[in-house]
Each structure stands twice: as structure tokens, then as C-alpha cells.
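Raw final-v7.txt, compact mmCIF, C-alpha atoms and all ligand atoms:
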# COMPACT_ATOMS: atom_id res chain seq x y z
CA MET A 1 102.33 -137.08 84.35
CA PRO A 2 103.00 -140.75 84.36
CA ILE A 3 106.52 -141.92 84.76
CA VAL A 4 107.89 -145.39 84.83
CA LYS A 5 107.49 -145.66 88.60
CA ASN A 6 103.79 -145.43 88.04
CA VAL A 7 103.85 -148.75 86.24
CA SER A 8 104.94 -150.64 89.35
CA ARG A 9 101.57 -151.72 90.60
CA ALA A 10 100.29 -152.72 87.19
CA VAL A 11 103.46 -154.68 86.50
CA SER A 12 103.15 -156.58 89.77
CA GLN A 13 99.51 -157.34 89.10
CA LEU A 14 100.19 -158.48 85.56
CA LEU A 15 103.06 -160.75 86.46
CA GLN A 16 101.00 -162.34 89.21
CA SER A 17 98.10 -163.22 86.97
CA SER A 18 99.98 -163.96 83.74
CA GLY A 19 98.95 -167.08 81.82
CA CYS A 20 95.71 -168.40 80.24
CA GLY A 21 94.87 -169.88 76.89
CA CYS A 22 91.77 -170.28 74.83
CA GLY A 23 89.86 -173.50 74.67
CA ILE A 24 86.60 -173.60 72.83
CA SER A 25 82.96 -174.60 72.07
CA ILE A 26 80.23 -173.41 69.74
CA VAL A 27 76.73 -171.96 69.93
CA PRO A 28 75.18 -171.40 66.52
CA VAL A 29 72.25 -169.01 66.19
CA ARG A 30 69.65 -169.10 63.42
CA CYS A 31 69.19 -165.97 61.39
CA ILE A 32 65.45 -165.33 61.13
CA GLY A 33 65.04 -161.55 61.21
CA VAL A 34 63.51 -160.18 58.01
CA SER A 35 62.31 -156.61 58.41
CA PRO A 36 64.24 -153.70 56.90
CA ARG A 37 66.19 -151.09 58.82
CA GLN A 38 63.84 -148.73 60.59
CA VAL A 39 65.48 -145.55 61.76
CA ALA A 40 62.71 -143.07 61.01
CA SER A 41 64.00 -139.71 59.86
CA ASP A 42 62.02 -138.00 62.63
CA ALA A 43 62.81 -140.58 65.30
CA SER A 44 63.64 -139.38 68.78
CA PHE A 45 64.93 -141.59 71.55
CA HIS A 46 65.57 -139.30 74.46
CA SER A 47 63.98 -141.48 77.15
CA VAL A 48 66.14 -143.72 79.36
CA SER A 49 66.55 -147.19 77.97
CA PHE A 50 65.50 -149.17 81.05
CA SER A 51 63.63 -148.72 84.26
CA GLU A 52 66.01 -147.31 86.84
CA SER A 53 65.04 -150.04 89.30
CA ASP A 54 66.02 -152.81 86.84
CA HIS A 55 69.40 -154.00 85.82
CA PRO A 56 70.32 -153.36 82.21
CA ARG A 57 70.28 -156.32 79.83
CA VAL A 58 73.72 -156.23 78.22
CA LEU A 59 75.18 -157.47 74.93
CA ILE A 60 78.94 -157.31 74.26
CA THR A 61 80.00 -157.70 70.61
CA GLY A 62 83.50 -158.94 69.77
CA GLY A 63 83.64 -160.16 73.34
CA LEU A 64 86.34 -162.82 72.98
CA GLY A 65 89.21 -160.40 72.35
CA GLN A 66 91.63 -158.92 74.84
CA LEU A 67 89.00 -156.87 76.70
CA GLY A 68 85.57 -158.47 76.35
CA VAL A 69 85.83 -161.39 78.78
CA GLY A 70 87.07 -159.11 81.55
CA LEU A 71 84.28 -156.64 80.82
CA ALA A 72 81.68 -159.43 81.01
CA LYS A 73 83.08 -160.53 84.35
CA LEU A 74 82.85 -157.01 85.78
CA LEU A 75 79.35 -156.41 84.43
CA ARG A 76 78.08 -159.80 85.60
CA LYS A 77 79.27 -159.01 89.11
CA ARG A 78 77.28 -155.80 89.00
CA PHE A 79 74.17 -156.77 87.04
CA GLY A 80 73.92 -160.55 87.45
CA LYS A 81 75.36 -163.35 85.37
CA ASN A 82 72.37 -163.86 83.12
CA ASN A 83 71.95 -160.19 82.32
CA VAL A 84 75.21 -160.02 80.38
CA ILE A 85 75.61 -161.84 77.04
CA LEU A 86 79.01 -162.19 75.44
CA SER A 87 79.09 -162.59 71.67
CA ASP A 88 81.69 -163.11 68.97
CA ILE A 89 82.31 -165.02 65.75
CA ARG A 90 84.93 -167.21 67.43
CA LYS A 91 84.45 -170.22 69.68
CA PRO A 92 84.72 -169.43 73.38
CA ALA A 93 87.16 -171.21 75.67
CA ASP A 94 85.51 -173.70 78.02
CA HIS A 95 85.90 -171.46 81.05
CA VAL A 96 84.34 -168.55 79.16
CA PHE A 97 81.49 -170.68 77.82
CA HIS A 98 80.68 -171.90 81.33
CA SER A 99 80.97 -168.52 82.99
CA GLY A 100 77.75 -167.03 81.57
CA PRO A 101 75.63 -166.59 78.43
CA PHE A 102 77.51 -166.70 75.12
CA ILE A 103 76.01 -166.35 71.66
CA TYR A 104 77.35 -166.29 68.09
CA SER A 105 76.98 -162.88 66.53
CA ASP A 106 78.58 -161.50 63.38
CA ILE A 107 78.11 -157.73 63.43
CA LEU A 108 78.05 -157.74 59.64
CA ASP A 109 74.81 -159.76 59.83
CA TYR A 110 72.32 -157.01 60.59
CA LYS A 111 69.24 -159.20 60.92
CA ASN A 112 70.93 -161.66 63.23
CA LEU A 113 72.21 -158.87 65.44
CA ARG A 114 68.75 -157.33 65.60
CA GLU A 115 67.21 -160.70 66.43
CA ILE A 116 69.61 -161.10 69.35
CA VAL A 117 68.82 -157.63 70.66
CA VAL A 118 65.06 -158.20 70.40
CA ASN A 119 64.92 -161.76 71.72
CA ASN A 120 67.11 -160.97 74.69
CA ARG A 121 65.51 -157.60 75.45
CA ILE A 122 68.93 -155.93 75.33
CA THR A 123 69.10 -152.40 76.78
CA TRP A 124 72.87 -151.75 76.83
CA LEU A 125 75.29 -152.65 74.04
CA PHE A 126 79.07 -152.60 74.34
CA HIS A 127 80.44 -152.72 70.81
CA TYR A 128 83.92 -154.23 71.04
CA SER A 129 84.24 -155.91 67.61
CA ALA A 130 87.06 -154.39 65.59
CA LEU A 131 90.24 -155.03 63.66
CA LEU A 132 93.04 -153.24 65.51
CA SER A 133 95.74 -151.03 64.00
CA ALA A 134 98.34 -153.52 62.78
CA VAL A 135 95.97 -156.23 61.53
CA GLY A 136 93.82 -153.50 59.98
CA GLU A 137 96.74 -152.31 57.83
CA ALA A 138 97.33 -155.92 56.77
CA ASN A 139 93.70 -156.32 55.61
CA VAL A 140 92.14 -152.95 54.80
CA PRO A 141 88.95 -154.28 53.10
CA LEU A 142 88.11 -156.44 56.11
CA ALA A 143 88.93 -153.63 58.54
CA ARG A 144 86.70 -151.30 56.58
CA ALA A 145 83.86 -153.82 56.65
CA VAL A 146 84.11 -154.73 60.34
CA ASN A 147 85.00 -151.31 61.70
CA ILE A 148 82.76 -149.16 59.50
CA THR A 149 79.92 -151.29 58.06
CA GLY A 150 79.68 -153.21 61.33
CA LEU A 151 79.46 -149.96 63.25
CA HIS A 152 76.63 -148.75 60.97
CA ASN A 153 74.67 -151.93 61.78
CA VAL A 154 75.21 -151.44 65.49
CA LEU A 155 74.24 -147.76 65.39
CA ASP A 156 71.01 -148.44 63.50
CA ILE A 157 69.98 -151.26 65.81
CA ALA A 158 70.87 -149.24 68.89
CA ALA A 159 68.83 -146.27 67.68
CA GLU A 160 65.92 -148.44 66.58
CA HIS A 161 65.74 -150.27 69.92
CA ASN A 162 66.57 -147.36 72.20
CA LEU A 163 69.78 -148.88 73.54
CA ARG A 164 72.49 -147.20 75.53
CA LEU A 165 75.52 -147.76 73.30
CA PHE A 166 79.20 -147.83 74.24
CA VAL A 167 81.80 -147.80 71.45
CA PRO A 168 85.48 -147.61 72.40
CA SER A 169 87.74 -145.30 70.47
CA THR A 170 91.50 -145.13 70.86
CA ILE A 171 94.67 -143.09 70.95
CA GLY A 172 94.85 -144.31 67.32
CA ALA A 173 92.10 -141.85 66.41
CA PHE A 174 94.81 -139.17 66.35
CA GLY A 175 97.56 -138.73 63.80
CA PRO A 176 100.86 -137.00 63.10
CA THR A 177 99.27 -133.55 62.87
CA SER A 178 97.55 -133.85 66.27
CA PRO A 179 99.29 -132.37 69.33
CA ARG A 180 101.05 -135.36 70.87
CA ASP A 181 102.13 -134.29 74.34
CA PRO A 182 99.54 -133.99 75.67
CA THR A 183 96.68 -134.74 73.28
CA PRO A 184 93.43 -133.00 74.28
CA ASP A 185 89.89 -134.23 73.58
CA LEU A 186 89.25 -131.70 70.87
CA CYS A 187 92.03 -131.17 68.33
CA ILE A 188 92.90 -132.05 64.77
CA GLN A 189 92.33 -135.76 64.02
CA ARG A 190 93.91 -136.99 60.81
CA PRO A 191 94.97 -140.58 61.56
CA ARG A 192 96.82 -142.50 58.83
CA THR A 193 95.58 -146.02 59.58
CA ILE A 194 92.26 -147.55 58.51
CA TYR A 195 91.78 -148.35 62.20
CA GLY A 196 92.17 -144.71 63.19
CA VAL A 197 89.99 -143.47 60.35
CA SER A 198 87.25 -145.93 61.29
CA LYS A 199 87.41 -144.86 64.94
CA VAL A 200 87.12 -141.16 64.10
CA HIS A 201 84.17 -142.16 61.93
CA ALA A 202 82.66 -144.04 64.89
CA GLU A 203 83.09 -141.03 67.19
CA LEU A 204 81.46 -138.70 64.68
CA MET A 205 78.63 -141.05 63.69
CA GLY A 206 77.83 -141.85 67.32
CA GLU A 207 77.71 -138.18 68.20
CA TYR A 208 75.62 -137.44 65.11
CA TYR A 209 73.09 -140.14 66.08
CA HIS A 210 73.03 -138.70 69.57
CA TYR A 211 72.24 -135.16 68.45
CA ARG A 212 70.03 -136.20 65.52
CA TYR A 213 68.08 -139.13 67.02
CA GLY A 214 68.77 -138.89 70.74
CA LEU A 215 70.80 -142.13 70.78
CA ASP A 216 72.46 -142.54 74.17
CA PHE A 217 75.96 -142.94 72.68
CA ARG A 218 78.98 -143.00 74.99
CA CYS A 219 82.59 -143.34 73.88
CA LEU A 220 85.98 -143.45 75.58
CA ARG A 221 89.30 -143.20 73.80
CA TYR A 222 91.32 -145.97 75.38
CA PRO A 223 95.13 -145.88 75.60
CA GLY A 224 97.00 -149.14 74.88
CA ILE A 225 95.61 -151.66 77.35
CA ILE A 226 97.87 -154.02 79.28
CA SER A 227 96.55 -157.29 80.63
CA ALA A 228 97.99 -160.63 81.64
CA ASP A 229 95.16 -163.12 81.33
CA SER A 230 94.10 -162.22 77.79
CA GLN A 231 96.00 -161.99 74.52
CA PRO A 232 96.25 -158.79 72.45
CA GLY A 233 94.42 -158.70 69.12
CA GLY A 234 96.98 -157.33 66.66
CA GLY A 235 97.66 -153.75 67.66
CA THR A 236 100.64 -151.45 67.88
CA THR A 237 100.66 -151.52 71.69
CA ASP A 238 100.65 -155.34 71.86
CA TYR A 239 104.30 -155.40 72.94
CA ALA A 240 103.28 -154.14 76.37
CA VAL A 241 101.18 -157.27 76.89
CA GLN A 242 103.51 -159.71 75.16
CA ILE A 243 106.43 -158.80 77.39
CA PHE A 244 104.63 -160.26 80.44
CA HIS A 245 103.79 -163.53 78.70
CA ASP A 246 107.30 -163.92 77.30
CA ALA A 247 108.99 -162.92 80.54
CA ILE A 248 107.14 -165.64 82.41
CA LYS A 249 107.33 -168.29 79.68
CA THR A 250 110.82 -167.91 78.22
CA GLY A 251 112.66 -165.13 80.04
CA LYS A 252 113.30 -163.51 76.65
CA PHE A 253 111.42 -160.75 74.89
CA GLN A 254 111.92 -159.27 71.42
CA CYS A 255 110.25 -155.88 71.15
CA ASN A 256 108.90 -154.68 67.78
CA LEU A 257 109.02 -150.96 68.72
CA LYS A 258 112.08 -148.78 69.36
CA PRO A 259 113.11 -148.57 73.03
CA ASP A 260 112.19 -144.88 73.35
CA THR A 261 108.69 -145.04 71.82
CA ARG A 262 106.42 -143.37 74.35
CA LEU A 263 102.70 -144.21 74.29
CA PRO A 264 99.79 -143.77 76.72
CA MET A 265 98.92 -147.06 78.42
CA MET A 266 96.42 -148.31 80.99
CA TYR A 267 95.97 -151.41 83.10
CA ILE A 268 92.87 -153.39 82.05
CA ASP A 269 91.11 -153.02 85.42
CA ASP A 270 91.20 -149.24 85.08
CA CYS A 271 89.95 -149.43 81.49
CA LEU A 272 86.98 -151.62 82.41
CA LYS A 273 86.21 -149.54 85.48
CA ALA A 274 86.10 -146.39 83.34
CA THR A 275 83.85 -148.11 80.84
CA LEU A 276 81.30 -149.07 83.47
CA GLU A 277 81.52 -145.65 85.12
CA VAL A 278 80.86 -143.68 81.96
CA MET A 279 77.92 -145.95 81.15
CA GLU A 280 76.46 -145.37 84.61
CA ALA A 281 77.11 -141.63 84.63
CA PRO A 282 73.95 -139.49 84.61
CA ALA A 283 73.42 -138.08 81.12
CA GLU A 284 73.40 -134.53 82.48
CA ALA A 285 76.97 -134.98 83.76
CA LEU A 286 78.28 -135.64 80.26
CA THR A 287 79.24 -132.42 78.51
CA MET A 288 80.68 -134.49 75.68
CA ARG A 289 80.01 -137.95 74.26
CA THR A 290 83.62 -138.92 73.51
CA TYR A 291 86.30 -138.63 76.22
CA ASN A 292 90.02 -139.35 76.46
CA ILE A 293 90.98 -141.46 79.48
CA SER A 294 94.52 -141.69 80.73
CA ALA A 295 96.57 -143.45 83.39
CA MET A 296 100.27 -143.74 82.55
CA SER A 297 102.67 -143.36 79.69
CA PHE A 298 105.90 -145.27 79.17
CA THR A 299 108.43 -146.51 76.62
CA PRO A 300 109.41 -150.16 75.95
CA GLU A 301 112.74 -149.51 77.67
CA GLU A 302 111.06 -148.17 80.79
CA LEU A 303 108.59 -151.06 80.91
CA ALA A 304 111.38 -153.60 80.43
CA GLN A 305 113.31 -152.08 83.32
CA GLU A 306 110.24 -152.31 85.50
CA VAL A 307 109.64 -155.96 84.61
CA GLN A 308 113.34 -156.69 85.19
CA LYS A 309 112.91 -155.51 88.76
CA HIS A 310 110.73 -158.61 89.20
CA ILE A 311 112.52 -160.89 86.75
CA PRO A 312 116.15 -159.69 86.62
CA GLU A 313 117.15 -162.44 84.16
CA LEU A 314 114.71 -161.17 81.51
CA GLN A 315 116.59 -160.51 78.25
CA VAL A 316 115.11 -157.80 76.01
CA THR A 317 116.13 -157.25 72.39
CA TYR A 318 114.72 -154.94 69.73
CA ASN A 319 113.66 -155.89 66.20
CA VAL A 320 111.65 -152.94 64.91
CA ASP A 321 108.55 -153.57 62.79
CA GLU A 322 108.44 -150.59 60.42
CA VAL A 323 104.64 -150.61 60.06
CA ARG A 324 104.01 -150.59 63.80
CA GLN A 325 106.78 -148.08 64.44
CA ALA A 326 105.34 -145.62 61.91
CA ILE A 327 101.93 -145.98 63.53
CA ALA A 328 103.31 -145.48 67.03
CA ASP A 329 105.29 -142.42 65.94
CA SER A 330 102.05 -140.78 64.79
CA TRP A 331 100.12 -141.46 68.01
CA PRO A 332 99.85 -139.41 71.22
CA MET A 333 102.62 -139.71 73.81
CA ASN A 334 100.45 -138.46 76.66
CA PHE A 335 96.70 -138.11 76.87
CA ASP A 336 94.86 -135.17 78.45
CA ASP A 337 91.79 -136.62 80.19
CA SER A 338 90.87 -133.61 82.32
CA ASN A 339 87.33 -133.47 80.89
CA ALA A 340 86.58 -137.05 81.99
CA ARG A 341 87.97 -136.29 85.45
CA ARG A 342 85.84 -133.15 85.74
CA ASP A 343 82.56 -134.41 84.24
CA TRP A 344 82.08 -137.89 85.66
CA GLY A 345 84.84 -138.22 88.23
CA TRP A 346 87.22 -140.48 86.29
CA LYS A 347 90.22 -141.48 88.36
CA HIS A 348 92.65 -144.28 87.58
CA ASP A 349 93.87 -146.63 90.32
CA TYR A 350 97.04 -148.04 88.81
CA ASP A 351 99.75 -145.45 89.10
CA LEU A 352 100.42 -144.95 92.78
CA PRO A 353 103.49 -146.67 94.18
CA GLU A 354 102.43 -149.35 96.65
CA GLN A 355 103.45 -149.20 100.25
CA GLU A 356 106.98 -150.50 100.40
CA ILE A 357 106.22 -153.45 102.62
CA GLN A 358 103.36 -154.63 100.41
CA GLU A 359 105.57 -154.40 97.36
CA LEU A 360 108.36 -156.38 98.99
CA LEU A 361 106.00 -159.13 100.05
CA HIS A 362 104.42 -159.14 96.66
CA VAL A 363 107.72 -159.29 94.81
CA SER A 364 109.07 -162.14 96.86
CA LYS A 365 105.93 -164.19 96.24
CA LEU A 366 106.18 -163.33 92.61
CA GLN A 367 109.82 -164.29 92.32
CA ALA A 368 109.14 -167.67 93.88
CA GLY A 369 106.45 -168.29 91.26
CA VAL A 370 108.59 -167.12 88.38
CA VAL A 371 111.58 -169.23 89.41
CA ALA A 372 109.31 -172.27 89.60
CA ILE A 373 108.08 -171.62 86.05
CA LEU A 374 111.50 -170.92 84.58
CA VAL A 375 113.31 -173.91 86.09
N1 LIG B 401 93.13 -153.53 73.50
C1 LIG B 401 93.51 -152.26 73.39
O1 LIG B 401 94.66 -151.88 73.71
C2 LIG B 401 92.53 -151.25 72.89
C3 LIG B 401 91.29 -151.59 72.43
N2 LIG B 401 90.43 -150.63 71.95
C4 LIG B 401 89.14 -151.01 71.42
O2 LIG B 401 88.46 -151.87 72.33
C5 LIG B 401 87.71 -152.84 71.59
C6 LIG B 401 88.10 -154.22 72.09
O3 LIG B 401 89.49 -154.37 71.90
P1 LIG B 401 90.22 -155.78 72.01
O4 LIG B 401 89.45 -156.70 72.89
O5 LIG B 401 91.62 -155.49 72.32
O6 LIG B 401 90.14 -156.27 70.49
P2 LIG B 401 90.51 -157.71 69.91
O7 LIG B 401 91.07 -157.52 68.56
O8 LIG B 401 91.28 -158.48 70.91
O9 LIG B 401 89.06 -158.39 69.78
C7 LIG B 401 88.14 -157.98 68.80
C8 LIG B 401 87.11 -159.09 68.63
O10 LIG B 401 86.27 -158.71 67.55
C9 LIG B 401 85.85 -159.91 66.94
N3 LIG B 401 85.34 -159.70 65.60
C10 LIG B 401 86.04 -159.52 64.45
N4 LIG B 401 85.18 -159.47 63.41
C11 LIG B 401 83.93 -159.59 63.92
C12 LIG B 401 82.63 -159.64 63.33
N5 LIG B 401 82.43 -159.54 62.01
N6 LIG B 401 81.56 -159.79 64.17
C13 LIG B 401 81.73 -159.91 65.50
N7 LIG B 401 82.93 -159.89 66.10
C14 LIG B 401 84.02 -159.74 65.30
C15 LIG B 401 87.10 -160.78 66.94
O11 LIG B 401 86.77 -162.16 66.78
C16 LIG B 401 87.73 -160.45 68.29
O12 LIG B 401 87.40 -161.40 69.28
C17 LIG B 401 88.02 -152.60 70.13
O13 LIG B 401 86.97 -151.87 69.54
C18 LIG B 401 89.29 -151.79 70.13
O14 LIG B 401 89.36 -150.92 69.05
C19 LIG B 401 90.77 -149.32 71.92
C20 LIG B 401 92.01 -148.92 72.36
C21 LIG B 401 92.95 -149.83 72.94
C1 LIG B 402 95.80 -148.60 71.13
C2 LIG B 402 94.91 -149.45 70.34
O1 LIG B 402 93.89 -148.99 69.89
C3 LIG B 402 95.28 -150.85 70.04
N1 LIG B 402 95.85 -151.52 71.18
C4 LIG B 402 96.27 -150.89 68.92
O2 LIG B 402 97.48 -150.82 69.21
O3 LIG B 402 95.84 -150.94 67.75
How does this structure look as C-alpha cells?
Ligand SMILES: NC(=O)C1=CN([C@@H]2O[C@H](COP(=O)(O)OP(=O)(O)OC[C@H]3O[C@@H](n4cnc5c(N)ncnc54)[C@H](O)[C@@H]3O)[C@@H](O)[C@H]2O)C=CC1
Ligand SMILES: CC(=O)[C@H](N)C(=O)O
Amino acid sequence: MPIVKNVSRAVSQLLQSSGCGCGISIVPVRCIGVSPRQVASDASFHSVSFSESDHPRVLITGGLGQLGVGLAKLLRKRFGKNNVILSDIRKPADHVFHSGPFIYSDILDYKNLREIVVNNRITWLFHYSALLSAVGEANVPLARAVNITGLHNVLDIAAEHNLRLFVPSTIGAFGPTSPRDPTPDLCIQRPRTIYGVSKVHAELMGEYYHYRYGLDFRCLRYPGIISADSQPGGGTTDYAVQIFHDAIKTGKFQCNLKPDTRLPMMYIDDCLKATLEVMEAPAEALTMRTYNISAMSFTPEELAQEVQKHIPELQVTYNVDEVRQAIADSWPMNFDDSNARRDWGWKHDYDLPEQEIQELLHVSKLQAGVVAILV
């Protein structure tokens, strides 16, 4: 399974593209929906949600976080710019606002969400809104509202309007009593964070709606996701993103986890690829509705060593955050994703060492850029 060498390609990619802030603008939406929730007790939604010859009409909730903008970019390439609507409760950066449709949507506002789905003839919904593990522990009532009540709104609207629904779960859906190395799809799940509890709830509710109402619910348990052009949203695995930003900006990085804390991780391109692939997979290929996906697994110390190959002057220190450390110690160290590989052909790209010559060329370009920034 994944060793630190496997991180090479992702590290190179991340360091190359590191940077990017968030500018902003606003698009208010009136709330005019009035009818009550309508999931009939005998409802059945087994038909496909759009004509196979058409592109899906996509809505992404919580789209301005670490993952949503990249997902929109990928989906717009595939389905057309105007078929993919990003939404959030925050103002989008200028470049995001100008890159395709954006709309305000608070997932706690059921009527507004339904209005958006109806008016835009949405057929696929990617539900990204959430409070992540560390910020969730800091504000449990809000995490409960967004991650659980918000999910209920999304599930009802998806069932009512026959949507194909993707909800990401996480390595955080497991806990200290789960097998940790590796963690299979089906095993004991007793997480000890509100984030983890809400994600187990999402997995179970989505599957229940699938079997009870025929909702086309699809769910992947993501590892910690590393990216360079988007900021992490307050999770336990954030260090693995922050190190790239700090390495480029200051040449110093203070890690809030112990150096030997091993967690499953994935480069963002692999994560988004998997998300699109599972949504496009024929229903008959899916023997389950919730799958682990895996790529690599490393510790802060191993990642730091890898980054130092590109930026030897990077100084790494450790100042452990007890809350995050306790969370990390209860999470999987390696993820077993053999079911995803078997059922719908999941295969990650970012773990193979690059051809030596490519790497050398890449590194020298990279070092030139880094020196220019640091001087
Ligand atoms: N980034 C990661 O490493 C991982 C992410 N995931 C899941 O993927 C999804 C996306 O993750 P990230 O982009 O990293 O999250 P993030 O925390 O960066 O972004 C979440 C977004 O949700 C929005 N949001 C909060 N309250 C909302 C509300 N009431 N209505 C609408 N939007 C609201 C926030 O404004 C934010 O832009 C989440 O569900 C997360 O649990 C799962 C595993 C790993
Ligand atoms: C792994 C996740 O779900 C997220 N990045 C977090 O650390 O909370």
C-alpha cells in the first residue's frame, strides 16, 4: 500500500500550482417556494433522472469550499458551462463568479433550495455543504444543523424531484473501534466527532432513501484531500494542504499533528475523477451505495520529507493540537477500496513514481519558481 514515494507526483503537482485567494461578489436569490415537503410514503423513483442523450443539469451545494470549485470545473468541461451551477452562502471570488453560473443557496432553507432545483431543472445534485471535523467540534449545534438538518432537506428534495444525488462521506465516519489498517467498507462505525456521526447518518439515510423510495443515492468516503489552489475548510487533515502554502510563502511550517500520524490521503484530481466516475457508473454496476476510495497514506514527517526534496530549506516544527490529534488517532490509517475497484473500475492516478527525467525537469522548473518567490 501507499508509501511516501507514492506522494511524489502529487507533491510536484501541488507545489507547481500552489497559490490563489478568494475575491468576491454576490448573487441574492428570492425565496418564493411555499408548498410543503412531498415525499409520498409510497413514492418510487426508480427511473433514470434524465434522458441518456442529454447532459445532466447539475447543482453543487457548498461549492466554494476546498473541493467545489474544482468539481465545477471538471463537470463544466464534461457537461457544458451552463449546465453546472455552483452554490454557497459565501460570496464567490471574481474568477469563480465569472467562470460559470453561481447562485446563493443556504441548504437550511428548504423552500429556496427546492425553488433552485425546480427553476433550473436540476437532475444531478452534489451535496458538498458541511462543517468539517475540527470546526464541527468547535460548534456542535451548527454542525448538527448543517450536516444533519441540511442533509434531510437535500434528501427530501432529491427524492421529490427524482435527482441523482451524490453525498461525500469521509474516513471520519469511522472511529476508534473500527479496524484501522486497513479499514474495509463494512465494519463497525462508532465515530466520536459530530462530523463523523453526521456522515454515518448521511450514509444510512441515503441508503434508506435508495431502498425505500428508489432515490439514486451515491456516496464515496473520501480520504483527506490535498490541493494547492484551494484552502482547506477546518478539518483534521488540513495540515497536508497547509504545508504547501506555507512552504511556498514562508519556507516554514508548523504542523498540528504528531510526526508519525498516518492517515489516508488523496490528491484532489483523483478525488474529483472518482466522484464523476461513480456518478456516471451504470446503476447495475453498483453493488453498494457507499464506497471507500483510496490512493495513498502518509504521515506528516513523510510528507515533509517529500516536500523538502523540492524545497530543501523548508523548516518543519510540531505544535500538536490535542483536539485534532485525538480525532486523527481514531481514524483509519489505510483504506480498503477493493469494492470500488471491482464494481466501477476505480483507479487512482497519483501514486506512481514519474519517469526520472520528467521528475528532474519538473523539479528544476519548480525550484526556479520557489527561489523567485522566497527571495
Ligand atoms: N476536503 C476534504 O479533505 C474532505 C472533504 N469531504 C467532504 O467533501 C465535502 C466538501 O468538502 P470541502 O470542500 O473540503 O469543505 P469546506 O469546508 O471547504 O466547504 C464547505 C462549504 O459548505 C458551505 N456551507 C456551510 N454552511 C452552509 C449552508 N448552510 N448552506 C450552504 N452551504 C454551506 C461553506 O460555506 C463552505 O464553502 C464535504 O461534505 C466534506 O465533508 C470528505 C472527506 C475529505
Ligand atoms: C478527512 C475529512 O473528512 C476532512 N478533511 C477533515 O479532516 O475533517
Considering all atoms listed in the file, give me a table of residues in chain A that are at most 8 Å from ligand LIG 402 (chain B), with the closest atom pair and distance in Å for each, as a Markdown table.
| residue | atom | partner | partner_atom | distance |
| --- | --- | --- | --- | --- |
| A:Leu132 | CA | B:LIG402 | O3 | 4.3 |
| A:Ser133 | CA | B:LIG402 | O3 | 3.8 |
| A:Ala134 | CA | B:LIG402 | O3 | 6.1 |
| A:Ser169 | CA | B:LIG402 | O1 | 7.2 |
| A:Thr170 | CA | B:LIG402 | O1 | 4.6 |
| A:Ile171 | CA | B:LIG402 | C1 | 5.6 |
| A:Gly172 | CA | B:LIG402 | O1 | 5.4 |
| A:Tyr195 | CA | B:LIG402 | O3 | 7.3 |
| A:Tyr222 | CA | B:LIG402 | C1 | 6.7 |
| A:Pro223 | CA | B:LIG402 | C1 | 5.3 |
| A:Gly224 | CA | B:LIG402 | C1 | 4.0 |
| A:Ile225 | CA | B:LIG402 | N1 | 6.2 |
| A:Pro232 | CA | B:LIG402 | N1 | 7.4 |
| A:Gly233 | CA | B:LIG402 | N1 | 7.6 |
| A:Gly234 | CA | B:LIG402 | O3 | 6.6 |
| A:Gly235 | CA | B:LIG402 | O2 | 3.3 |
| A:Thr236 | CA | B:LIG402 | O2 | 3.5 |
| A:Thr237 | CA | B:LIG402 | O2 | 4.1 |
| A:Asp238 | CA | B:LIG402 | O2 | 6.1 |
> Using all atoms listed in the file, what are the residues with an atom within 6 Å of ligand LIG 401 (chain B), set out as JSON, numbers by chain?
Replying inline: {"A": [61, 62, 63, 64, 65, 66, 67, 68, 88, 89, 90, 105, 106, 107, 108, 128, 129, 130, 131, 132, 146, 168, 169, 170, 222, 223, 224, 225, 232, 233]}
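Proximity to Asp181 of chain A was assessed for A:Glu306, A:Val84, A:Ser338, A:Pro264 counting all atoms listed in the file; the smallest distance is recorded for A:Pro264.
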> If you count all atoms listed in the file, which residues fall within 12 Å of Phe102 of chain A, apart from same-chain ones fewer than 4 positions away, as a PyMOL selection string?
Replying inline: chain A and resi 24-29+58-64+68-69+72+81-98+116+120
> Between atom CA of Asp269 of chain A and atom CA of Gly80 of chain A, what is the distance, to one decimal in Å?
Replying inline: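 One can read the atom CA of Asp269 of chain A to atom CA of Gly80 of chain A distance as 18.9 Å.
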>> So that I can see what lies close to Asp336 of chain A, please list as an MDAnalysis selection string the residues with an atom at most 12 Å from it, counting all atoms listed in the file and leaving out residues fewer than 6 positions away in the same chain.
In response: chainID A and resid 1:2 171 179:187 221:223 264 291:297 342
> Nearest to Tyr211 of chain A: which of A:Met288, A:Leu75, A:Val316, A:Val197 is it, counting only C-alpha atoms?
Replying inline: A:Met288
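Put simply, atom CA of Ser330 of chain A is 8.4 Å away from atom CA of Ser178 of chain A.
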>> What's around Arg218 of chain A at 8 Å? Count all atoms listed in the file, leave out sequence neighbours fewer than 3 positions away in its own chain, and write the answer as an MDAnalysis selection string.
In response: chainID A and resid 164:167 206 278:279 289:290
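Checking A:Gly196, A:Val135, A:Ile188, A:Ile122 one by one against Asn162 of chain A, counting only C-alpha atoms, you find the shortest gap at A:Ile122.
Among A:Met333, A:Ile243, A:Ile194, A:Ala138, the residue with the shortest atom-to-atom distance to Met265 of chain A, counting only C-alpha atoms, is A:Met333.
Compared by their closest atoms to Trp331 of chain A, and using all atoms listed in the file, the residues A:Thr177, A:His127, A:Asp260, A:Val117 rank with A:Thr177 nearest.
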>> Taking all atoms listed in the file into account, name the residue in A:Gln325, A:Asn153, A:Gln242, A:Gln254 that is nearest to Asn112 of chain A.
In response: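 Answer, going by the shortest atom-to-atom distance: A:Asn153.
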> What does the distance from atom CA of Ser198 of chain A to atom CA of Ile148 of chain A come to in Å, to one decimal?
Replying inline: 5.8 Å
>> What's around Thr261 of chain A at 10 Å? Count all atoms listed in the file, leave out sequence neighbours fewer than 6 positions away in its own chain, and write the answer as a list in words.
In response: Phe298, Thr299, Pro300, Glu301, Glu302, Gln325, Ala328, Asp329 and Met333 of chain A
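Contact shell of Val320 of chain A at 7 Å (only C-alpha atoms; same-chain neighbours under 3 positions omitted): Asn256, Leu257, Lys258 and Gln325 of chain A.
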